[in-house]
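Take a look at the structure set out below.
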Amino acid sequence: MNDTKYMNPYLAGFFLGLLLLLTIFVTGRGLGASGAVKSGVVATVTAVAPAHTNNADFYKEYMKEHDNNPLMNWLVFEVIGVIFGAFISGLISNRLNLTLEHIPTITSKTRVVTALIGGLLFGFGSQLGRGCTSGAALSGMAVLSAGGLITMFAIFGGAYAFAWFFRKLWLEGGK
Amino acid sequence: MGPLVPDFIGNELNFVVALLIGVAFGFILEQAGFSTSKKLVGLFYGYDFTVLRVFFTAGVTAMIGVVALGHFGLLDLSLIYVNPTFLWSAIVGGLIMGLGFVIGGFCPGTGVCAAAIGKIDAMVFVLGGFLGVLLFAEGYPWLEGLYKAENLGMVTIYDLTGSSQGLFAFGMTAMAVGAFWFTTWVEKKVNKAENPELQPKKLYFGLGITLFVIGFLTLFMPERREALLADATAAAEASVKTGAGSGGAEVGGGSAAGGKNADAGTSEGKVEVGDAQGATAMGANSENEGAGTSAYDKNVMSIDELAFRVLDKDNKIQIIDLRSTEEYQKLALPGSVNMTFDELFGKDAHKLLAQKNKKIIVVANDEFSERKAAYIISELGFKNYAILEGGFAAFTKGILEYKSDKEPVTRQEKDTHRFRVRAAKELPALIAASKKSAAPKKKSTRVIGGC
């Protein structure tokens, strides 16, 4: 399938910025993503091992903040919206298809394993850093939060620092 | 005034808003090309800087917007969520995320977005994200120390460094523009070709001009709060000057029983009868009498009227007390709300001031401060207000600690005397009672956000 054209990055950024501004003006908070994953984890663990959530501090704190209903969370609704929005966009731009994307010089298995490890690290880091690229870095930059900006520089700085070691995953021939 | 949650938009509706915002968020991310890991990690290898362009354009746009809305008094910046700063967890967490980024090729938001259009690697990434959070949750007892170390609170970078918001916004914008220019140059070198996605150039011009104009206006137009505070002083000075020759509403010494002025004030026929009914009539009179002097003097309430209304538990007034917190805690009129000048511009004050059928009574130690506050309130668009004649100092001396130092002669003087003696006895008791039953101060708190 041919790659359909993406939006001009600056225009897309401008729209994204306006959306973030609108979000802050209406709700007082920014955008996010990893928080929904956290809600999902807490909800799952609560359903599977209810006794456990009563013991561990992490779950207890979270349940207390959410009136014992971890899925009644703003970000859960937002991320459900993201799934719809991205799907609609993919539909319009003819980009819907089930694929495992990777460069030809690595195997599908490698890609699956690295995606899993990468996701695991990102999930873990987002909890420690209190937010991911959207919740901490982007939304933090909009309100000039000190923590958000530090996290932003750490994410991008870290990625640049580690990029060389993983070049074979992304560059053909690993040049 | 923003944020609209929770007053204009309730908590349930907010979930619908979240869903709609999410749809727009996902749509924009996908349109920008964030649904493919090849594009996402491109910036770390120099062949595609889309992520950096989108990310920084969005950040700068929203940041300038937030600064501008706050600057013009449209958004209460003290209520919006500012990600809390825990120094070590922010750095270590960020580095781990960076590592996850170059290994996994996504971040959580873009991963969800890519999974939605069928990228299997993204679905696996999101699954990994679940496991990562689970790992953190299970390891929380060991990680809590690092997680909660160096808590600097919900601090902004400009407060932390003691710099100005505008300066930082300018610096960030300059940095972003520099990065755009530099990365385009790098990208051209690496790919040995111009990026066709960066056309048309006219667009940059348009976007740049828009942001520049907003930024320029924000930097060079006076901040609403500061401008009003400065004007308020001048306006208060002017109003005192014009008021000086006008007699009736002029307060001067402000001490009701002692000072000559106040005697003149009461004997001028404002106080008809000392009983309850009379005090109201007197209040009405004092409002009319000031007419023809300056706009402010129409809005002066005598200490007797205020005392009467408080004793009467009049629910048609809302007292805003601008004295210090210590003074307020020591002695507060029932139903009054303590506030600083700065807080007058906030959303809480807005709610108080906007109450229908309630007259705002501005109380401060001296009448000059009250006039300043009255100017601000009036400029904010609220006209149903009055200031307390002579300030709280006069009220204390003339009502709460009333002592007659000379025999009342005329009928009015006798009535005033009788009322004040009663007020001096009943008011302190009322104040003490209300202090006991007073609900703890309710203040709008910051929105809780974050991931």
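We label chains A, B, ... in the order they appear in the structure tokens, count residues from 1 in each chain, and number ligands from 1 in the order shown.
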
Subject >> Spatial neighbours of B:Gln355, max dist 10 Å, only C-alpha atoms, sep filter under 2 positions, as a PyMOL selection string >> reply: chain B and resi 316-318+350-353+357-360+382+384

Original post:
Can you list, as a ChimeraX atom specification, every residue of stretch 26-79 of chain A that DSSP puts in helix (DSSP H, G or I)?
Top reply: /A:26-27,34-48,50-55,57-65,74-79

Subject >> Selection near stretch 107-118 of chain A, 10 Å with only C-alpha atoms, sequence-local residues under 6 positions removed, as a PyMOL selection string >> reply: (chain A and resi 100-101+124+169) or (chain B and resi 37+96-107+111+120-132)

How would the residues just picked look written out with C-alpha atoms as a short mmCIF file (atom, residue, chain, number, x, y, z; two decimals), in the first residue's frame?
```cif
data_model
loop_
_atom_site.label_atom_id
_atom_site.label_comp_id
_atom_site.auth_asym_id
_atom_site.auth_seq_id
_atom_site.Cartn_x
_atom_site.Cartn_y
_atom_site.Cartn_z
CA LEU A 100 3.95 -5.71 12.10
CA GLU A 101 6.21 -2.92 11.08
CA PHE A 124 7.72 1.70 34.29
CA LEU A 169 16.76 -1.85 15.20
CA SER B 37 7.56 3.76 14.85
CA ILE B 96 14.11 5.06 31.45
CA MET B 97 11.37 6.36 29.17
CA GLY B 98 14.02 7.57 26.72
CA LEU B 99 15.50 4.07 26.69
CA GLY B 100 12.05 2.59 26.17
CA PHE B 101 11.50 5.03 23.31
CA VAL B 102 14.52 3.93 21.25
CA ILE B 103 13.95 0.25 21.96
CA GLY B 104 10.17 0.15 21.56
CA GLY B 105 9.75 2.87 18.98
CA PHE B 106 6.66 4.40 20.60
CA CYS B 107 5.53 6.36 23.60
CA GLY B 111 1.48 3.52 20.82
CA ILE B 120 0.83 -5.14 15.82
CA ASP B 121 4.15 -3.87 17.17
CA ALA B 122 2.21 -1.01 18.81
CA MET B 123 -0.24 -3.42 20.39
CA VAL B 124 2.67 -5.33 21.85
CA PHE B 125 4.20 -2.06 23.03
CA VAL B 126 0.98 -1.12 24.86
CA LEU B 127 0.88 -4.56 26.44
CA GLY B 128 4.47 -4.00 27.54
CA GLY B 129 3.33 -0.71 29.03
CA PHE B 130 0.79 -2.56 31.17
CA LEU B 131 3.48 -4.91 32.38
CA GLY B 132 5.78 -1.99 33.14
#
```

Subject >> All residues 9 Å or closer to A:Val37, only C-alpha atoms, same chain fewer than 5 positions away omitted, as a list in words >> reply: Val42, Leu75, Val76 and Gly123 of chain A; Pro108, Val126, Gly129, Phe130, Val133 and Cys451 of chain B

Original post:
Leaving out A:Asn55 and any residue of its chain fewer than 6 positions from it, which residues lie within 12 Å of it when counting only C-alpha atoms, given as a ChimeraX atom specification?
Top reply: /A:45-46,49,61,63 /B:137-138,140-141

Residue neighbourhood B:Ala18, 8 Å, only C-alpha atoms, exclusion window fewer than 6 positions, as a PDB file with C-alpha atoms, in the first residue's frame:
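To be explicit, this is the file written out as part_24.pdb:
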```pdb
ATOM      1  CA  TRP A  74     -10.444  11.327  32.959  1.00  0.00           C
ATOM      2  CA  LEU A  75      -7.546   9.794  31.067  1.00  0.00           C
ATOM      3  CA  PHE A  77     -12.073   8.324  28.684  1.00  0.00           C
ATOM      4  CA  GLU A  78      -9.533  10.409  26.833  1.00  0.00           C
ATOM      5  CA  GLY A  81     -11.248   8.782  22.461  1.00  0.00           C
TER       6      GLY A  81
END
```

Original post:
Using only C-alpha atoms, which of the listed residues (A:Leu171, A:Ala154, A:Val143, A:Leu96) sits closest to A:Thr23?
Top reply: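 Closest to A:Thr23, using only C-alpha atoms: A:Val143.
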
Original post:
Neighbours of stretch 25-28 of chain A within 8 Å (only C-alpha atoms; same-chain residues fewer than 4 positions away dropped), as a list in words?
Top reply: Leu21 of chain A; Gly2, Pro3, Leu4, Val5, Pro6, Asn14, Leu75, Leu79, Ile80, Tyr81, Arg446 and Val447 of chain B

**OP:** Mind listing the strand (DSSP E) residues of stretch 32-167 of chain B, per DSSP on the backbone, as number ranges by chain?
**Re:** B: 85-86, 151-153

I need the residues from that last selection saved to file as a PDB file, in the first residue's frame (with N, CA and C atoms), if you can.
```
ATOM      1  N   THR B  85       6.916  18.507  40.896  1.00  0.00           N
ATOM      2  CA  THR B  85       8.321  18.266  40.606  1.00  0.00           C
ATOM      3  C   THR B  85       8.955  17.430  41.709  1.00  0.00           C
ATOM      4  N   PHE B  86       9.299  16.218  41.364  1.00  0.00           N
ATOM      5  CA  PHE B  86      10.108  15.381  42.241  1.00  0.00           C
ATOM      6  C   PHE B  86      11.393  15.150  41.457  1.00  0.00           C
ATOM      7  N   ASN B 151      10.926  16.433  46.792  1.00  0.00           N
ATOM      8  CA  ASN B 151       9.638  16.974  46.373  1.00  0.00           C
ATOM      9  C   ASN B 151       9.673  18.502  46.400  1.00  0.00           C
ATOM     10  N   LEU B 152       9.566  19.100  45.240  1.00  0.00           N
ATOM     11  CA  LEU B 152       9.564  20.565  45.174  1.00  0.00           C
ATOM     12  C   LEU B 152       8.147  21.111  45.026  1.00  0.00           C
ATOM     13  N   GLY B 153       7.157  20.206  44.976  1.00  0.00           N
ATOM     14  CA  GLY B 153       5.767  20.643  44.875  1.00  0.00           C
ATOM     15  C   GLY B 153       5.365  20.964  43.453  1.00  0.00           C
TER      16      GLY B 153
END
```

Subject >> Given only C-alpha atoms as the counted atoms, nearest of A:Leu144, A:Leu19, A:Ile106, A:Val48 to B:Pro84 >> reply: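 Among the listed residues, A:Leu144 lies closest to B:Pro84.
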
Subject >> Residue with smallest distance to A:Leu149 - pool A:Ala163, A:Gly35, A:Gly131, A:Tyr62, counting only C-alpha atoms >> reply: A:Gly131
